[in-house]
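Participant: Next up is a structure, given as structure tokens.
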Amino acid sequence: MSITLSSASLPVFDLFLSNLRHLLLKAQADVSDRAYDEQALVQFRLAPDMLPLRFQIYIACDAAKLCVARISGLEAPKYENTENTLSELIGRIDNTRAWLASVPAQSLDGQESKAITFPIGKDRSRTMPAETYLKTWALPNVFFHITTAYAILRHNGVALGKADYLVGEDLNA
């Protein structure tokens, strides 16, 4: 079987968003075990000019759904960015995964050379073929924000390892 845009995007986004969900579940357990305010995690940022954990979740979800929407021509759900608890952030991941699961593979496949224009920052945009966009922009963007979320949680003492990032909830299976 050859690689298609759907096989290179949908299951990859789903797996890593599932793994992100797993990280947040472990964060919830840590909050409970060590009895601290979860806002210490939700609002934490690694550097003054970086976005806090909640935004890392927003952007990871948005990067995945907007990539698929732009390539497929489907309309992605819009979220208000109001999730401010670990449970609400997990809900956002669940909603994103559910929408991705509803996207038909045929809406992506065959669109490799479709021109995708997307914003980079507040006042600029780029255009590239869909295949290039997926491989060199969308996937790395999702991985960056999930990795940053992992680093925030790990920095704050949540017991995470590389397997949590790569294997997620299947780690316990």
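Here's how to read the names in the structure tokens: chain A, B, ... by the order shown, residue numbers from 1 in each chain, ligand numbers from 1 in the order shown.
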Find the residues near region 89-105 of chain A: any atom within 7 Å, counting only C-alpha atoms, skip ones fewer than 6 places away on the same chain, and give them as an MDAnalysis selection string.
Facilitator: chainID A and resid 6 10 14 17 21 24 57 61 65 83
Participant: Determine, counting only C-alpha atoms, which protein, DNA and RNA residues have an atom within 7 Å of an atom of region 123-133 of chain A; residues of the same chain fewer than 2 positions away are not included. Present the result as number ranges by chain.
Facilitator: A: 5, 71, 111-121, 135-138
Participant: Enumerate as a PyMOL selection string all residues of region 114-159 of chain A assigned to alpha helix (DSSP H) by DSSP on the backbone, naming them with the chain letters and numbers the document uses.
Facilitator: chain A and resi 130-133+139-155
